[in-house]
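Undergrad: Next up, target-v6.pdb (PDB, C-alpha atoms).
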```pdb
ATOM      1  CA  MET G  23     113.769 108.022 -15.768
ATOM      2  CA  ARG G  24     110.262 109.376 -15.234
ATOM      3  CA  LYS G  25     111.643 112.834 -14.558
ATOM      4  CA  LEU G  26     113.602 112.692 -17.787
ATOM      5  CA  ILE G  27     110.459 111.721 -19.730
ATOM      6  CA  VAL G  28     108.508 114.631 -18.199
ATOM      7  CA  VAL G  29     111.297 117.101 -19.018
ATOM      8  CA  LEU G  30     111.475 115.863 -22.624
ATOM      9  CA  ALA G  31     107.675 116.060 -23.034
ATOM     10  CA  VAL G  32     107.512 119.618 -21.687
ATOM     11  CA  LEU G  33     110.438 120.629 -23.893
ATOM     12  CA  ALA G  34     108.750 119.151 -26.977
ATOM     13  CA  LEU G  35     105.525 121.032 -26.279
ATOM     14  CA  GLU G  36     107.378 124.287 -25.630
ATOM     15  CA  ILE G  37     109.285 123.992 -28.891
ATOM     16  CA  THR G  38     106.042 123.127 -30.685
ATOM     17  CA  PHE G  39     103.994 126.079 -29.537
ATOM     18  CA  GLY G  40     106.920 128.420 -29.968
ATOM     19  CA  SER G  41     107.396 127.217 -33.526
ATOM     20  CA  ILE G  42     103.727 127.606 -34.418
ATOM     21  CA  GLY G  43     103.805 131.181 -33.231
ATOM     22  CA  THR G  44     106.961 132.191 -35.101
ATOM     23  CA  SER G  45     107.334 129.928 -38.138
ATOM     24  CA  ALA G  46     104.660 129.164 -40.685
ATOM     25  CA  GLN G  47     104.209 128.200 -44.276
ATOM     26  CA  GLN G  48     102.354 130.380 -46.719
ATOM     27  CA  ILE G  49      99.781 129.316 -49.260
ATOM     28  CA  PHE G  50      99.807 131.797 -52.131
ATOM     29  CA  LEU G  51      96.479 131.974 -53.948
ATOM     30  CA  GLN G  52      96.906 132.399 -57.676
ATOM     31  CA  SER G  53      94.465 133.358 -60.405
ATOM     32  CA  SER G  54      90.957 131.980 -60.747
ATOM     33  CA  THR G  55      88.949 132.358 -63.929
ATOM     34  CA  GLN G  56      85.722 132.442 -61.906
ATOM     35  CA  ASP G  57      84.137 135.765 -61.010
ATOM     36  CA  ILE G  58      83.608 137.397 -57.654
ATOM     37  CA  THR G  59      80.365 139.317 -58.175
ATOM     38  CA  PHE G  60      79.499 142.513 -56.268
ATOM     39  CA  SER G  61      75.882 143.659 -56.636
ATOM     40  CA  ASN G  62      73.780 146.434 -55.121
ATOM     41  CA  ASP G  63      71.809 145.216 -52.086
ATOM     42  CA  GLY G  64      69.212 147.989 -52.230
ATOM     43  CA  SER G  65      70.365 149.674 -49.019
ATOM     44  CA  GLY G  66      73.725 151.229 -49.849
ATOM     45  CA  GLY G  67      75.760 148.041 -49.421
ATOM     46  CA  LEU G  68      76.961 145.156 -51.527
ATOM     47  CA  ASP G  69      75.954 141.525 -51.917
ATOM     48  CA  ILE G  70      79.005 139.384 -52.652
ATOM     49  CA  GLN G  71      78.859 136.103 -54.568
ATOM     50  CA  LEU G  72      81.957 133.912 -54.843
ATOM     51  CA  GLY G  73      82.578 131.912 -57.995
ATOM     52  CA  THR G  74      80.096 129.875 -59.980
ATOM     53  CA  CYS G  75      76.876 128.427 -58.568
ATOM     54  CA  ALA G  76      74.971 125.181 -59.012
ATOM     55  CA  GLY G  77      71.717 125.320 -57.086
ATOM     56  CA  THR G  78      72.472 126.581 -53.606
ATOM     57  CA  VAL G  79      76.207 125.763 -53.728
ATOM     58  CA  CYS G  80      78.740 128.287 -55.055
ATOM     59  CA  THR G  81      82.476 127.638 -55.422
ATOM     60  CA  LEU G  82      85.422 129.897 -56.165
ATOM     61  CA  SER G  83      88.516 127.821 -56.941
ATOM     62  CA  GLY G  84      91.941 128.259 -58.465
ATOM     63  CA  ALA G  85      95.611 127.371 -58.349
ATOM     64  CA  ALA G  86      97.806 127.851 -55.283
ATOM     65  CA  SER G  87     101.478 127.497 -54.454
ATOM     66  CA  GLY G  88     103.394 127.012 -51.218
ATOM     67  CA  ALA G  89     101.785 124.399 -49.002
ATOM     68  CA  ALA G  90      98.890 123.608 -51.337
ATOM     69  CA  SER G  91      98.391 123.053 -55.051
ATOM     70  CA  SER G  92      94.858 124.411 -55.208
ATOM     71  CA  TYR G  93      92.209 126.182 -53.181
ATOM     72  CA  ALA G  94      88.416 126.263 -53.133
ATOM     73  CA  PHE G  95      85.993 128.558 -51.293
ATOM     74  CA  THR G  96      82.519 127.026 -51.148
ATOM     75  CA  THR G  97      79.284 128.587 -49.910
ATOM     76  CA  THR G  98      76.284 126.362 -49.187
ATOM     77  CA  GLY G  99      72.755 127.729 -48.921
ATOM     78  CA  TRP G 100      73.603 130.669 -51.175
ATOM     79  CA  ALA G 101      70.913 133.182 -52.005
ATOM     80  CA  PRO G 102      71.366 136.812 -53.065
ATOM     81  CA  GLY G 103      72.419 138.614 -49.908
ATOM     82  CA  SER G 104      73.874 135.546 -48.181
ATOM     83  CA  ILE G 105      77.245 137.287 -47.995
ATOM     84  CA  ASP G 106      76.627 140.981 -47.480
ATOM     85  CA  ALA G 107      78.950 143.950 -47.015
ATOM     86  CA  GLY G 108      77.451 147.062 -45.451
ATOM     87  CA  PRO G 109      77.721 150.693 -46.627
ATOM     88  CA  PRO G 110      81.248 152.084 -47.128
ATOM     89  CA  THR G 111      82.985 153.405 -44.005
ATOM     90  CA  ALA G 112      86.508 154.861 -44.129
ATOM     91  CA  GLY G 113      87.151 153.246 -47.501
ATOM     92  CA  VAL G 114      85.941 149.783 -46.498
ATOM     93  CA  PHE G 115      82.614 147.956 -46.825
ATOM     94  CA  LYS G 116      82.055 146.147 -43.523
ATOM     95  CA  PRO G 117      81.122 144.096 -41.680
ATOM     96  CA  VAL G 118      80.508 141.133 -43.933
ATOM     97  CA  SER G 119      77.687 139.015 -42.570
ATOM     98  CA  LEU G 120      76.298 135.643 -43.566
ATOM     99  CA  GLY G 121      72.591 135.106 -44.040
ATOM    100  CA  ALA G 122      70.684 132.509 -42.025
ATOM    101  CA  GLY G 123      71.262 128.966 -43.245
ATOM    102  CA  THR G 124      74.438 129.883 -45.118
ATOM    103  CA  SER G 125      77.738 128.171 -44.399
ATOM    104  CA  VAL G 126      81.141 128.900 -45.901
ATOM    105  CA  SER G 127      84.038 126.463 -46.015
ATOM    106  CA  VAL G 128      87.508 126.690 -47.495
ATOM    107  CA  ASN G 129      89.701 123.849 -48.711
ATOM    108  CA  PHE G 130      93.416 124.381 -49.370
ATOM    109  CA  GLY G 131      94.040 120.718 -50.068
ATOM    110  CA  PHE G 132      93.971 119.657 -46.402
ATOM    111  CA  GLY G 133      90.206 119.195 -46.091
ATOM    112  CA  PRO G 134      87.369 121.693 -45.543
ATOM    113  CA  GLU G 135      87.471 124.297 -42.763
ATOM    114  CA  SER G 136      85.172 127.124 -41.786
ATOM    115  CA  VAL G 137      85.902 130.673 -42.944
ATOM    116  CA  THR G 138      84.619 134.053 -41.771
ATOM    117  CA  PHE G 139      84.646 137.077 -44.069
ATOM    118  CA  VAL G 140      85.686 140.325 -42.427
ATOM    119  CA  ASP G 141      85.356 143.117 -44.978
ATOM    120  CA  ALA G 142      85.694 144.083 -48.619
ATOM    121  CA  ALA G 143      87.901 147.022 -49.581
ATOM    122  CA  ASN G 144      86.443 149.520 -52.045
ATOM    123  CA  GLY G 145      87.550 152.408 -54.215
ATOM    124  CA  SER G 146      90.364 150.472 -55.854
ATOM    125  CA  THR G 147      90.910 148.945 -59.264
ATOM    126  CA  LYS G 148      91.959 145.867 -57.275
ATOM    127  CA  PRO G 149      89.479 145.335 -54.411
ATOM    128  CA  HIS G 150      90.210 142.684 -51.810
ATOM    129  CA  ILE G 151      88.185 140.598 -49.366
ATOM    130  CA  ASP G 152      89.571 139.821 -45.907
ATOM    131  CA  PHE G 153      88.856 136.470 -44.269
ATOM    132  CA  THR G 154      89.909 134.349 -41.316
ATOM    133  CA  THR G 155      90.215 130.552 -41.091
ATOM    134  CA  PRO G 156      91.572 128.151 -38.455
ATOM    135  CA  LEU G 157      94.723 127.979 -40.600
ATOM    136  CA  ALA G 158      94.969 131.771 -40.657
ATOM    137  CA  PRO G 159      93.785 133.023 -37.233
ATOM    138  CA  THR G 160      94.459 136.646 -38.212
ATOM    139  CA  ALA G 161      92.676 138.368 -41.087
ATOM    140  CA  ASP G 162      94.156 137.522 -44.471
ATOM    141  CA  ASP G 163      92.860 138.404 -47.878
ATOM    142  CA  PHE G 164      92.637 137.696 -51.548
ATOM    143  CA  THR G 165      92.950 140.441 -54.129
ATOM    144  CA  ALA G 166      90.759 140.798 -57.203
ATOM    145  CA  ASN G 167      91.860 141.818 -60.673
ATOM    146  CA  ALA G 168      90.548 145.082 -62.095
ATOM    147  CA  PHE G 169      86.783 144.658 -62.332
ATOM    148  CA  SER G 170      84.148 145.529 -64.900
ATOM    149  CA  CYS G 171      80.728 147.019 -64.136
ATOM    150  CA  THR G 172      77.240 146.950 -65.594
ATOM    151  CA  GLY G 173      74.250 149.174 -64.869
ATOM    152  CA  LEU G 174      76.255 152.311 -63.990
ATOM    153  CA  GLY G 175      75.602 154.321 -67.164
ATOM    154  CA  SER G 176      78.226 157.082 -67.387
ATOM    155  CA  LYS G 177      79.372 156.646 -63.764
ATOM    156  CA  THR G 178      82.907 155.432 -63.003
ATOM    157  CA  CYS G 179      83.206 151.700 -62.353
ATOM    158  CA  SER G 180      83.800 151.531 -58.586
ATOM    159  CA  LEU G 181      82.358 149.553 -55.697
ATOM    160  CA  GLU G 182      81.044 152.771 -54.120
ATOM    161  CA  ASN G 183      79.037 153.536 -57.259
ATOM    162  CA  VAL G 184      77.763 149.949 -57.462
ATOM    163  CA  ALA G 185      76.631 150.151 -53.828
ATOM    164  CA  SER G 186      74.757 153.389 -54.432
ATOM    165  CA  THR G 187      73.185 152.475 -57.807
ATOM    166  CA  PRO G 188      70.189 150.097 -57.842
ATOM    167  CA  GLY G 189      70.644 147.280 -60.359
ATOM    168  CA  ALA G 190      74.408 147.842 -60.730
ATOM    169  CA  THR G 191      76.888 144.952 -60.655
ATOM    170  CA  ALA G 192      80.679 144.572 -60.680
ATOM    171  CA  PHE G 193      82.645 141.469 -61.704
ATOM    172  CA  ALA G 194      86.261 140.529 -60.929
ATOM    173  CA  THR G 195      88.448 137.429 -60.879
ATOM    174  CA  VAL G 196      90.896 136.523 -58.115
ATOM    175  CA  SER G 197      94.419 137.780 -58.713
ATOM    176  CA  SER G 198      96.352 136.794 -55.599
ATOM    177  CA  GLY G 199      96.279 136.252 -51.849
ATOM    178  CA  GLU G 200      98.007 134.329 -49.086
ATOM    179  CA  VAL G 201      97.240 132.153 -46.067
ATOM    180  CA  PHE G 202      99.618 131.285 -43.229
ATOM    181  CA  THR G 203      99.683 127.710 -41.880
ATOM    182  CA  PRO G 204     101.653 125.957 -39.095
ATOM    183  CA  GLU G 205     104.762 124.102 -40.257
ATOM    184  CA  PRO G 206     104.340 120.289 -40.526
ATOM    185  CA  SER G 207     107.445 119.883 -38.336
ATOM    186  CA  SER G 208     105.723 121.895 -35.591
ATOM    187  CA  LEU G 209     102.676 119.652 -35.756
ATOM    188  CA  LEU G 210     104.948 116.595 -35.621
ATOM    189  CA  LEU G 211     106.606 117.912 -32.462
ATOM    190  CA  LEU G 212     103.203 118.549 -30.909
ATOM    191  CA  GLY G 213     102.154 114.979 -31.642
ATOM    192  CA  SER G 214     105.373 113.594 -30.160
ATOM    193  CA  GLY G 215     104.953 115.592 -26.974
ATOM    194  CA  LEU G 216     101.357 114.486 -26.509
ATOM    195  CA  LEU G 217     102.238 110.820 -27.098
ATOM    196  CA  THR G 218     104.999 111.006 -24.497
ATOM    197  CA  ILE G 219     102.694 112.544 -21.897
ATOM    198  CA  GLY G 220      99.996 109.989 -22.746
ATOM    199  CA  GLY G 221     102.452 107.130 -22.176
ATOM    200  CA  LEU G 222     103.498 108.558 -18.818
ATOM    201  CA  LEU G 223      99.885 108.966 -17.649
ATOM    202  CA  ARG G 224      99.097 105.397 -18.738
ATOM    203  CA  ARG G 225     101.957 104.049 -16.603
ATOM    204  CA  ARG G 226     100.823 106.046 -13.593
ATOM    205  CA  LEU G 227      97.162 105.115 -13.874
ATOM    206  CA  PHE G 228      97.466 101.454 -14.831
ATOM    207  CA  GLY G 229     100.948 100.593 -13.569
ATOM    208  CA  VAL G 230     102.050  99.366 -17.026
TER     209      VAL G 230
END
```
If you convert what's in this file into structure tokens, what do you get?
TA:
Amino acid sequence: MRKLIVVLAVLALEITFGSIGTSAQQIFLQSSTQDITFSNDGSGGLDIQLGTCAGTVCTLSGAASGAASSYAFTTTGWAPGSIDAGPPTAGVFKPVSLGAGTSVSVNFGFGPESVTFVDAANGSTKPHIDFTTPLAPTADDFTANAFSCTGLGSKTCSLENVASTPGATAFATVSSGEVFTPEPSSLLLLGSGLLTIGGLLRRRLFGV
């Protein structure tokens, strides 16, 4: 009987981890009416501000479909330059770094998690920002609608020109994006496997 329990537990865990690696749900980020703001950082790069701010907290939120009904990116301890993208290299502003004392969390309806920004694409009428979260261990992104610029004079509205022009700013709203998450059934299998192993260890240790 014990051998059968061990075999079933191992099988459950194997199915679980296999499922997490191959099957996942997607959260599709839909439009937000709040702006992503790109501003010149004074050294050839861009400062990036997400959404609207109240004091030191800024939030970019909107509708989502798939595994969540809404999403919210929140930065705490925001100050100009808290999220910074360096000078353009090979068509991309990177890396994106966070200033001291700044934290970023993301909530897709399952509770807050940490998020790390990777880069911000430039030169497009629809720039995007890559990010990683525990739900999306590989870089994912959200795309911005065509943006508008101020402070560029007769120059073309582009992130490169904003980065190279003191006082220039670009504004855009979120258009789309996606995040991959483990299937609930996979998580259920993982829980079952762990409970089975826990029960077996309890019997061995305490003779129950």
Undergrad: Using the chain letters and residue numbers of this document, give as a list in words the residues selected by the PyMOL selection byres ((chain G and resi 50-58) around 6).
TA: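 Answer for the PyMOL selection byres ((chain G and resi 50-58) around 6): Ile49, Thr59, Gln71, Leu72, Gly73, Gly84, Ala85, Ala86, Ser87, Phe193, Ala194, Thr195, Val196, Ser197, Ser198, Gly199 and Glu200 of chain G.
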Undergrad: Could you state the separation of CA of Ile70 in chain G and CA of Pro102 in chain G in Å, given to one decimal place?
TA: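 Separation between CA of Ile70 in chain G and CA of Pro102 in chain G: 8.1 Å.
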Undergrad: What residues come out when you apply the PyMOL selection byres ((chain G and resi 152-154) around 10) to this file, written as a list in words?
TA: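 With the shown file as input, the PyMOL selection byres ((chain G and resi 152-154) around 10) matches Val118, Ser136, Val137, Thr138, Phe139, Val140, Asp141, Ala142, Ala143, His150, Ile151, Thr155, Pro156, Leu157, Ala158, Pro159, Thr160, Ala161, Asp162, Asp163, Phe164, Thr165, Gly199 and Val201 of chain G.
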Undergrad: Need to verify the contact set: Lys148 in chain G, 7 Å, all atoms listed in the file, exclusion of same-chain residues closer than 5 positions in sequence. Can you return it as an MDAnalysis selection string?
TA: chainID G and resid 165:168
Undergrad: Can you turn the PyMOL selection byres ((chain G and resi 80) around 8) into a concrete residue list for this file, as a PDB file with C-alpha atoms, in the coordinates of the input?
TA:
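selection-v9.pdb was written with the following content:
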```pdb
ATOM      1  CA  GLN G  71      78.859 136.103 -54.568  1.00  0.00           C
ATOM      2  CA  LEU G  72      81.957 133.912 -54.843  1.00  0.00           C
ATOM      3  CA  GLY G  73      82.578 131.912 -57.995  1.00  0.00           C
ATOM      4  CA  THR G  74      80.096 129.875 -59.980  1.00  0.00           C
ATOM      5  CA  CYS G  75      76.876 128.427 -58.568  1.00  0.00           C
ATOM      6  CA  ALA G  76      74.971 125.181 -59.012  1.00  0.00           C
ATOM      7  CA  GLY G  77      71.717 125.320 -57.086  1.00  0.00           C
ATOM      8  CA  THR G  78      72.472 126.581 -53.606  1.00  0.00           C
ATOM      9  CA  VAL G  79      76.207 125.763 -53.728  1.00  0.00           C
ATOM     10  CA  THR G  81      82.476 127.638 -55.422  1.00  0.00           C
ATOM     11  CA  LEU G  82      85.422 129.897 -56.165  1.00  0.00           C
ATOM     12  CA  THR G  96      82.519 127.026 -51.148  1.00  0.00           C
ATOM     13  CA  THR G  97      79.284 128.587 -49.910  1.00  0.00           C
ATOM     14  CA  THR G  98      76.284 126.362 -49.187  1.00  0.00           C
ATOM     15  CA  TRP G 100      73.603 130.669 -51.175  1.00  0.00           C
TER      16      TRP G 100
END
```
Undergrad: So how far away is CA of Ala192 in chain G from CA of Ala94 in chain G, in Å?
TA: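 These atoms are spaced 21.3 Å apart.
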Undergrad: Report, in Å with one decimal, the straight-line distance from CA of Gly66 in chain G to CA of Gly173 in chain G.
TA: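 Between CA of Gly66 in chain G and CA of Gly173 in chain G the gap is 15.2 Å.
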Undergrad: I'd like the neighbourhood of Thr111 in chain G as a compact mmCIF listing (two decimals) with C-alpha atoms, in the frame of the given file, where a residue qualifies if any of its atoms comes within 12 Å (using only C-alpha atoms), though same-chain residues fewer than 3 positions away should be ignored.
TA:
```txt
# COMPACT_ATOMS: atom_id res chain seq x y z
CA GLY G 66 73.72 151.23 -49.85
CA GLY G 67 75.76 148.04 -49.42
CA ALA G 107 78.95 143.95 -47.02
CA GLY G 108 77.45 147.06 -45.45
CA VAL G 114 85.94 149.78 -46.50
CA PHE G 115 82.61 147.96 -46.82
CA LYS G 116 82.06 146.15 -43.52
CA PRO G 117 81.12 144.10 -41.68
CA ASP G 141 85.36 143.12 -44.98
CA ALA G 142 85.69 144.08 -48.62
CA ALA G 143 87.90 147.02 -49.58
CA ASN G 144 86.44 149.52 -52.04
CA GLY G 145 87.55 152.41 -54.22
CA GLU G 182 81.04 152.77 -54.12
```
Undergrad: Which is closest to Cys171 in chain G among G:Val184, G:Ile105, G:Leu68, G:Ala89, if we use only C-alpha atoms?
TA: G:Val184
